[in-house]
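Chemist: This structure is in structure tokens; I'll ask about it shortly.
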Amino acid sequence: MSDLVLVTRERGVGTITLNRPDKMNAVDGVMRKAMAAAVKDMATDASVRVIVLTGAGRAFCAGGDIEHMKRLVKEKDWTAGKALVETGRTMVTAIRKSAKPVIASVNGAAAGGGANLALACDIRIASDKATIGQTFNRIGLVPDWGGSYSCPASSGRPRRWS
């Protein structure tokens, strides 16, 4: 695993901590791969009964690392850009496919992809410092990491009044 993603196991609880507190746990390509691998590893570990996903420092996850994405566009590295998006899909799919419950422990900002990462989990527990926002429109993007599905699905169906 990468030092950007910390993994611990204790008494049946597997904890995955996003560890880029200086970047509010914004996810780059290396971190996405490590996160997906950590979830898949915990999902198949018989000693783990529940998986907790959290962030180090003052944020849960600020979503994708915009500086990293800008660099890929500037360098016209479309292959790395596509891989970045694909790894994000893989990460969220690993959470959704886990037979074990995955809990998002939202300790601070969960923005953009970070909000969708929390939404992909089975349960979300938020501290009084937590903020959750779909912030894609601020930078001209559409939701990724399954947000277009997870946001309405986690809200439930609207009540019909007659």
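Here, A, B, ... name the chains of the structure tokens in the order displayed, residue numbers run from 1 inside each chain, and ligands are numbered from 1 in the same displayed order.
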Set the distance at 10 Å and use only C-alpha atoms: which residues neighbour A:Val39 once local chain neighbours fewer than 4 positions away are removed? I'd like the list as a PyMOL selection string.
Modeler: chain A and resi 7+14-16+34-35+43-45+51-53+91-95+97-98+102
Chemist: Go ahead and dump the residues you just picked, all heavy atoms, as a tab-separated table (two decimals), in the first residue's frame.
Modeler:
```tsv
chain	number	residue	atom	x	y	z
A	7	VAL	N	-3.82	1.65	6.23
A	7	VAL	CA	-4.73	0.54	6.47
A	7	VAL	C	-4.41	-0.07	7.83
A	7	VAL	O	-3.26	-0.38	8.13
A	7	VAL	CB	-4.57	-0.53	5.35
A	7	VAL	CG1	-5.43	-1.73	5.64
A	7	VAL	CG2	-4.89	0.06	4.00
A	14	GLY	N	-11.72	-3.01	9.81
A	14	GLY	CA	-10.66	-2.59	8.91
A	14	GLY	C	-10.85	-1.11	8.62
A	14	GLY	O	-11.92	-0.71	8.17
A	15	THR	N	-9.84	-0.31	8.89
A	15	THR	CA	-9.93	1.13	8.68
A	15	THR	C	-9.00	1.54	7.56
A	15	THR	O	-7.81	1.20	7.56
A	15	THR	CB	-9.59	1.90	9.96
A	15	THR	OG1	-10.48	1.48	11.01
A	15	THR	CG2	-9.74	3.40	9.75
A	16	ILE	N	-9.56	2.29	6.61
A	16	ILE	CA	-8.79	2.85	5.50
A	16	ILE	C	-8.80	4.36	5.70
A	16	ILE	O	-9.87	4.98	5.71
A	16	ILE	CB	-9.42	2.48	4.14
A	16	ILE	CG1	-9.47	0.97	3.97
A	16	ILE	CG2	-8.66	3.16	3.01
A	16	ILE	CD1	-10.30	0.51	2.78
A	34	ALA	N	-4.30	2.93	-4.72
A	34	ALA	CA	-4.10	2.39	-3.37
A	34	ALA	C	-5.43	2.21	-2.64
A	34	ALA	O	-5.62	1.24	-1.91
A	34	ALA	CB	-3.16	3.30	-2.58
A	35	MET	N	-6.36	3.16	-2.84
A	35	MET	CA	-7.67	3.06	-2.19
A	35	MET	C	-8.45	1.85	-2.71
A	35	MET	O	-9.01	1.08	-1.92
A	35	MET	CB	-8.48	4.33	-2.43
A	35	MET	CG	-7.98	5.52	-1.65
A	35	MET	SD	-8.78	7.06	-2.17
A	35	MET	CE	-10.48	6.75	-1.80
A	43	ALA	N	-12.13	-6.43	1.72
A	43	ALA	CA	-13.35	-7.17	1.38
A	43	ALA	C	-13.11	-8.68	1.36
A	43	ALA	O	-14.04	-9.45	1.60
A	43	ALA	CB	-13.89	-6.70	0.04
A	44	THR	N	-11.89	-9.09	1.11
A	44	THR	CA	-11.59	-10.53	1.05
A	44	THR	C	-10.87	-11.04	2.30
A	44	THR	O	-10.57	-12.22	2.39
A	44	THR	CB	-10.72	-10.84	-0.19
A	44	THR	OG1	-9.51	-10.09	-0.13
A	44	THR	CG2	-11.48	-10.53	-1.47
A	45	ASP	N	-10.61	-10.17	3.26
A	45	ASP	CA	-9.92	-10.55	4.50
A	45	ASP	C	-10.94	-11.09	5.50
A	45	ASP	O	-11.81	-10.36	5.97
A	45	ASP	CB	-9.19	-9.32	5.07
A	45	ASP	CG	-8.36	-9.65	6.30
A	45	ASP	OD1	-8.63	-10.68	6.98
A	45	ASP	OD2	-7.45	-8.87	6.61
A	51	ILE	N	-15.75	-2.36	7.19
A	51	ILE	CA	-14.71	-1.48	6.66
A	51	ILE	C	-15.11	-0.03	6.95
A	51	ILE	O	-16.24	0.36	6.68
A	51	ILE	CB	-14.53	-1.67	5.14
A	51	ILE	CG1	-14.19	-3.14	4.82
A	51	ILE	CG2	-13.48	-0.72	4.58
A	51	ILE	CD1	-14.33	-3.50	3.35
A	52	VAL	N	-14.18	0.73	7.52
A	52	VAL	CA	-14.41	2.14	7.80
A	52	VAL	C	-13.47	2.95	6.91
A	52	VAL	O	-12.28	2.68	6.85
A	52	VAL	CB	-14.16	2.48	9.29
A	52	VAL	CG1	-14.31	3.98	9.54
A	52	VAL	CG2	-15.10	1.69	10.18
A	53	LEU	N	-14.04	3.94	6.23
A	53	LEU	CA	-13.26	4.83	5.37
A	53	LEU	C	-13.30	6.22	5.98
A	53	LEU	O	-14.36	6.74	6.30
A	53	LEU	CB	-13.89	4.85	3.97
A	53	LEU	CG	-13.21	5.67	2.89
A	53	LEU	CD1	-11.79	5.18	2.65
A	53	LEU	CD2	-14.01	5.59	1.61
A	91	MET	N	-12.55	2.18	-7.81
A	91	MET	CA	-12.56	2.40	-6.36
A	91	MET	C	-13.99	2.37	-5.83
A	91	MET	O	-14.30	1.68	-4.86
A	91	MET	CB	-11.90	3.74	-6.07
A	91	MET	CG	-11.88	4.16	-4.64
A	91	MET	SD	-11.12	5.79	-4.49
A	91	MET	CE	-12.18	6.80	-5.50
A	92	VAL	N	-14.89	3.11	-6.46
A	92	VAL	CA	-16.29	3.17	-6.00
A	92	VAL	C	-16.97	1.82	-6.22
A	92	VAL	O	-17.74	1.37	-5.36
A	92	VAL	CB	-17.03	4.32	-6.72
A	92	VAL	CG1	-18.53	4.24	-6.47
A	92	VAL	CG2	-16.50	5.65	-6.23
A	93	THR	N	-16.67	1.16	-7.32
A	93	THR	CA	-17.25	-0.15	-7.58
A	93	THR	C	-16.81	-1.16	-6.52
A	93	THR	O	-17.60	-1.99	-6.07
A	93	THR	CB	-16.87	-0.64	-8.99
A	93	THR	OG1	-17.35	0.30	-9.94
A	93	THR	CG2	-17.46	-2.00	-9.30
A	94	ALA	N	-15.55	-1.09	-6.11
A	94	ALA	CA	-15.06	-1.99	-5.06
A	94	ALA	C	-15.83	-1.77	-3.76
A	94	ALA	O	-16.17	-2.74	-3.06
A	94	ALA	CB	-13.56	-1.77	-4.83
A	95	ILE	N	-16.13	-0.53	-3.43
A	95	ILE	CA	-16.92	-0.24	-2.23
A	95	ILE	C	-18.33	-0.81	-2.39
A	95	ILE	O	-18.85	-1.48	-1.50
A	95	ILE	CB	-16.98	1.29	-1.96
A	95	ILE	CG1	-15.60	1.80	-1.54
A	95	ILE	CG2	-18.03	1.63	-0.91
A	95	ILE	CD1	-15.48	3.31	-1.49
A	97	LYS	N	-19.43	-3.18	-4.28
A	97	LYS	CA	-19.49	-4.64	-4.41
A	97	LYS	C	-19.07	-5.37	-3.14
A	97	LYS	O	-19.24	-6.59	-3.06
A	97	LYS	CB	-18.61	-5.11	-5.58
A	97	LYS	CG	-19.22	-4.83	-6.92
A	97	LYS	CD	-18.40	-5.45	-8.03
A	97	LYS	CE	-19.12	-5.31	-9.36
A	97	LYS	NZ	-18.39	-5.98	-10.43
A	98	SER	N	-18.53	-4.67	-2.17
A	98	SER	CA	-18.08	-5.33	-0.95
A	98	SER	C	-19.26	-6.01	-0.25
A	98	SER	O	-20.31	-5.40	-0.05
A	98	SER	CB	-17.45	-4.30	0.00
A	98	SER	OG	-17.17	-4.92	1.25
A	102	VAL	N	-19.54	-1.00	4.45
A	102	VAL	CA	-18.51	0.02	4.37
A	102	VAL	C	-19.11	1.30	4.95
A	102	VAL	O	-20.15	1.77	4.51
A	102	VAL	CB	-18.04	0.26	2.92
A	102	VAL	CG1	-16.94	1.32	2.88
A	102	VAL	CG2	-17.54	-1.04	2.29
```
Chemist: Quick one: DSSP alpha helix (DSSP H) residues in chain A, as a ChimeraX atom specification?
Modeler: /A:29-44,66-74,78-97,113-120,147-155
Chemist: Contacts of A:Arg11 at 12 Å or less, counting only C-alpha atoms, minus same-chain residues fewer than 2 places along, as a list of chain:residue names?
Modeler: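 Neighbouring residues, sequence-local ones excluded: A:Thr8, A:Arg9, A:Val13, A:Gly14, A:Thr15, A:Ala46, A:Ser47, A:Val48, A:Arg49, A:Val50, A:Ile51.
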Chemist: I need the residue nearest A:Lys40 from this list: A:Lys76, A:Arg20, A:Lys70, A:Arg96. Use only C-alpha atoms for the distance.
Modeler: A:Arg96
Chemist: Tell me, which residues of chain A carry DSSP strand (DSSP E or B), written as a ChimeraX atom specification?
Modeler: /A:5-10,13-18,27,50-55,59-61,64,102-106,109-111,123-126,131-133
Chemist: Based on the selection just made, write N, CA, C and O atoms of those residues as a compact mmCIF listing (two decimals), in the first residue's frame.
Modeler:
```
# COMPACT_ATOMS: atom_id res chain seq x y z
N VAL A 5 -2.47 6.09 1.70
CA VAL A 5 -3.63 5.36 2.19
C VAL A 5 -3.15 4.45 3.31
O VAL A 5 -2.36 3.53 3.07
N LEU A 6 -3.61 4.72 4.52
CA LEU A 6 -3.21 3.92 5.67
C LEU A 6 -4.27 2.86 5.95
O LEU A 6 -5.47 3.15 5.91
N VAL A 7 -3.82 1.65 6.23
CA VAL A 7 -4.73 0.54 6.47
C VAL A 7 -4.41 -0.07 7.83
O VAL A 7 -3.26 -0.38 8.13
N THR A 8 -5.45 -0.20 8.65
CA THR A 8 -5.30 -0.88 9.94
C THR A 8 -6.42 -1.90 10.11
O THR A 8 -7.50 -1.75 9.53
N ARG A 9 -6.15 -2.91 10.91
CA ARG A 9 -7.15 -3.93 11.24
C ARG A 9 -7.11 -4.12 12.75
O ARG A 9 -6.04 -4.36 13.30
N GLU A 10 -8.27 -4.01 13.36
CA GLU A 10 -8.32 -4.18 14.81
C GLU A 10 -9.70 -4.70 15.20
O GLU A 10 -10.72 -4.05 14.93
N VAL A 13 -12.50 -4.71 12.66
CA VAL A 13 -12.73 -3.45 11.95
C VAL A 13 -11.51 -3.11 11.11
O VAL A 13 -10.41 -2.96 11.63
N GLY A 14 -11.72 -3.01 9.81
CA GLY A 14 -10.66 -2.59 8.91
C GLY A 14 -10.85 -1.11 8.62
O GLY A 14 -11.92 -0.71 8.17
N THR A 15 -9.84 -0.31 8.89
CA THR A 15 -9.93 1.13 8.68
C THR A 15 -9.00 1.54 7.56
O THR A 15 -7.81 1.20 7.56
N ILE A 16 -9.56 2.29 6.61
CA ILE A 16 -8.79 2.85 5.50
C ILE A 16 -8.80 4.36 5.70
O ILE A 16 -9.87 4.98 5.71
N THR A 17 -7.62 4.93 5.89
CA THR A 17 -7.50 6.37 6.12
C THR A 17 -6.81 7.03 4.95
O THR A 17 -5.69 6.69 4.60
N LEU A 18 -7.51 7.98 4.33
CA LEU A 18 -6.91 8.78 3.27
C LEU A 18 -5.91 9.71 3.94
O LEU A 18 -6.26 10.42 4.88
N VAL A 27 -7.56 13.30 -4.09
CA VAL A 27 -7.09 12.03 -4.62
C VAL A 27 -6.41 12.22 -5.97
O VAL A 27 -6.98 12.81 -6.89
N VAL A 50 -16.14 -5.35 9.09
CA VAL A 50 -16.67 -4.07 8.64
C VAL A 50 -15.50 -3.19 8.19
O VAL A 50 -14.41 -3.29 8.76
N ILE A 51 -15.75 -2.36 7.19
CA ILE A 51 -14.71 -1.48 6.66
C ILE A 51 -15.11 -0.03 6.95
O ILE A 51 -16.24 0.36 6.68
N VAL A 52 -14.18 0.73 7.52
CA VAL A 52 -14.41 2.14 7.80
C VAL A 52 -13.47 2.95 6.91
O VAL A 52 -12.28 2.68 6.85
N LEU A 53 -14.04 3.94 6.23
CA LEU A 53 -13.26 4.83 5.37
C LEU A 53 -13.30 6.22 5.98
O LEU A 53 -14.36 6.74 6.30
N THR A 54 -12.12 6.81 6.19
CA THR A 54 -12.04 8.13 6.81
C THR A 54 -10.87 8.91 6.21
O THR A 54 -10.14 8.39 5.38
N GLY A 55 -10.73 10.15 6.64
CA GLY A 55 -9.64 10.99 6.16
C GLY A 55 -8.79 11.51 7.30
O GLY A 55 -9.31 11.77 8.39
N ALA A 59 -10.18 17.05 6.82
CA ALA A 59 -11.09 16.73 5.74
C ALA A 59 -11.28 15.24 5.59
O ALA A 59 -10.39 14.45 5.90
N PHE A 60 -12.45 14.86 5.11
CA PHE A 60 -12.70 13.48 4.71
C PHE A 60 -12.01 13.28 3.36
O PHE A 60 -11.07 12.51 3.24
N CYS A 61 -12.46 14.02 2.34
CA CYS A 61 -11.84 13.96 1.02
C CYS A 61 -12.36 15.12 0.18
O CYS A 61 -13.57 15.29 0.04
N GLY A 64 -11.19 14.82 -6.30
CA GLY A 64 -10.01 14.67 -7.14
C GLY A 64 -9.05 15.84 -6.96
O GLY A 64 -9.46 16.96 -6.67
N VAL A 102 -19.54 -1.00 4.45
CA VAL A 102 -18.51 0.02 4.37
C VAL A 102 -19.11 1.30 4.95
O VAL A 102 -20.15 1.77 4.51
N ILE A 103 -18.44 1.84 5.96
CA ILE A 103 -18.91 3.03 6.66
C ILE A 103 -17.99 4.20 6.34
O ILE A 103 -16.78 4.10 6.48
N ALA A 104 -18.59 5.31 5.92
CA ALA A 104 -17.83 6.55 5.72
C ALA A 104 -17.87 7.32 7.03
O ALA A 104 -18.94 7.68 7.52
N SER A 105 -16.72 7.55 7.62
CA SER A 105 -16.60 8.37 8.82
C SER A 105 -16.16 9.75 8.36
O SER A 105 -14.97 10.01 8.17
N VAL A 106 -17.14 10.63 8.13
CA VAL A 106 -16.89 11.93 7.52
C VAL A 106 -16.54 12.93 8.62
O VAL A 106 -17.41 13.38 9.36
N ALA A 109 -14.59 18.18 5.48
CA ALA A 109 -15.09 18.42 4.13
C ALA A 109 -15.10 17.14 3.29
O ALA A 109 -14.13 16.40 3.26
N ALA A 110 -16.23 16.93 2.62
CA ALA A 110 -16.38 15.88 1.62
C ALA A 110 -16.96 16.59 0.40
O ALA A 110 -18.15 16.88 0.35
N ALA A 111 -16.10 16.93 -0.54
CA ALA A 111 -16.51 17.76 -1.67
C ALA A 111 -16.32 17.03 -2.98
O ALA A 111 -15.37 16.27 -3.15
N ILE A 123 -23.09 3.24 4.88
CA ILE A 123 -23.50 4.10 6.00
C ILE A 123 -22.55 5.29 6.04
O ILE A 123 -21.35 5.15 5.82
N ARG A 124 -23.10 6.46 6.33
CA ARG A 124 -22.30 7.67 6.48
C ARG A 124 -22.53 8.21 7.89
O ARG A 124 -23.67 8.44 8.29
N ILE A 125 -21.44 8.40 8.60
CA ILE A 125 -21.50 9.02 9.93
C ILE A 125 -20.68 10.29 9.84
O ILE A 125 -19.51 10.27 9.45
N ALA A 126 -21.31 11.43 10.18
CA ALA A 126 -20.64 12.72 10.02
C ALA A 126 -20.44 13.41 11.36
O ALA A 126 -21.33 13.38 12.21
N THR A 131 -18.88 18.78 6.23
CA THR A 131 -19.65 19.45 5.18
C THR A 131 -19.60 18.54 3.96
O THR A 131 -18.57 17.93 3.68
N ILE A 132 -20.72 18.44 3.28
CA ILE A 132 -20.79 17.56 2.12
C ILE A 132 -21.36 18.38 0.97
O ILE A 132 -22.41 19.01 1.13
N GLY A 133 -20.66 18.39 -0.16
CA GLY A 133 -21.13 19.21 -1.27
C GLY A 133 -20.79 18.64 -2.63
O GLY A 133 -19.70 18.13 -2.84
```
Chemist: Find the distance between atom CA of A:Ala37 and atom CA of A:Ala99 and write it in Å to one decimal.
Modeler: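 Distance reported for this atom pair: 15.4 Å.
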Chemist: List the spatial neighbours of A:Lys33 as a list in words - criterion: any atom at most 10 Å away, only C-alpha atoms, same-chain residues fewer than 5 positions off excluded.
Modeler: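 The neighbour list is Met1, Ser2, Val5, Val27, Asp28, Ala38, Ala83, Leu84, Glu86, Thr87, Gly88, Thr90 and Met91 of chain A.
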Chemist: Got time to write the residues from that selection, N, CA, C and O atoms, as a short mmCIF file (atom, residue, chain, number, x, y, z; two decimals), in the first residue's frame?
Modeler:
```cif
data_model
loop_
_atom_site.label_atom_id
_atom_site.label_comp_id
_atom_site.auth_asym_id
_atom_site.auth_seq_id
_atom_site.Cartn_x
_atom_site.Cartn_y
_atom_site.Cartn_z
N MET A 1 0.84 -1.20 0.00
CA MET A 1 0.00 0.00 0.00
C MET A 1 0.88 1.25 0.00
O MET A 1 2.02 1.22 0.40
N SER A 2 0.30 2.32 -0.37
CA SER A 2 0.97 3.61 -0.40
C SER A 2 0.84 4.28 0.96
O SER A 2 -0.09 4.01 1.72
N VAL A 5 -2.47 6.09 1.70
CA VAL A 5 -3.63 5.36 2.19
C VAL A 5 -3.15 4.45 3.31
O VAL A 5 -2.36 3.53 3.07
N VAL A 27 -7.56 13.30 -4.09
CA VAL A 27 -7.09 12.03 -4.62
C VAL A 27 -6.41 12.22 -5.97
O VAL A 27 -6.98 12.81 -6.89
N ASP A 28 -5.18 11.71 -6.07
CA ASP A 28 -4.48 11.67 -7.35
C ASP A 28 -4.46 10.23 -7.84
O ASP A 28 -5.07 9.35 -7.23
N ALA A 38 -6.94 -1.28 -1.34
CA ALA A 38 -7.22 -1.45 0.09
C ALA A 38 -8.63 -1.97 0.31
O ALA A 38 -8.85 -2.87 1.13
N ALA A 83 -7.09 6.86 -17.34
CA ALA A 83 -6.78 5.91 -16.27
C ALA A 83 -7.22 6.45 -14.91
O ALA A 83 -7.71 5.70 -14.06
N LEU A 84 -7.09 7.76 -14.72
CA LEU A 84 -7.51 8.40 -13.48
C LEU A 84 -9.01 8.22 -13.26
O LEU A 84 -9.46 7.83 -12.18
N GLU A 86 -10.96 5.97 -14.73
CA GLU A 86 -11.24 4.54 -14.62
C GLU A 86 -10.91 4.01 -13.22
O GLU A 86 -11.65 3.22 -12.67
N THR A 87 -9.80 4.47 -12.65
CA THR A 87 -9.44 4.02 -11.31
C THR A 87 -10.44 4.53 -10.28
O THR A 87 -10.77 3.84 -9.33
N GLY A 88 -10.97 5.73 -10.49
CA GLY A 88 -12.03 6.25 -9.61
C GLY A 88 -13.26 5.37 -9.67
O GLY A 88 -13.87 5.04 -8.65
N THR A 90 -13.28 2.20 -10.51
CA THR A 90 -12.89 0.95 -9.87
C THR A 90 -12.99 1.05 -8.35
O THR A 90 -13.47 0.13 -7.68
N MET A 91 -12.55 2.18 -7.81
CA MET A 91 -12.56 2.40 -6.36
C MET A 91 -13.99 2.37 -5.83
O MET A 91 -14.30 1.68 -4.86
#
```
Chemist: Between A:Gly114, A:Gly108, A:Gly12, A:Pro21, which has the minimum distance to A:Gly57 (counting only C-alpha atoms)?
Modeler: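 Answer, going by the shortest atom-to-atom distance: A:Pro21.
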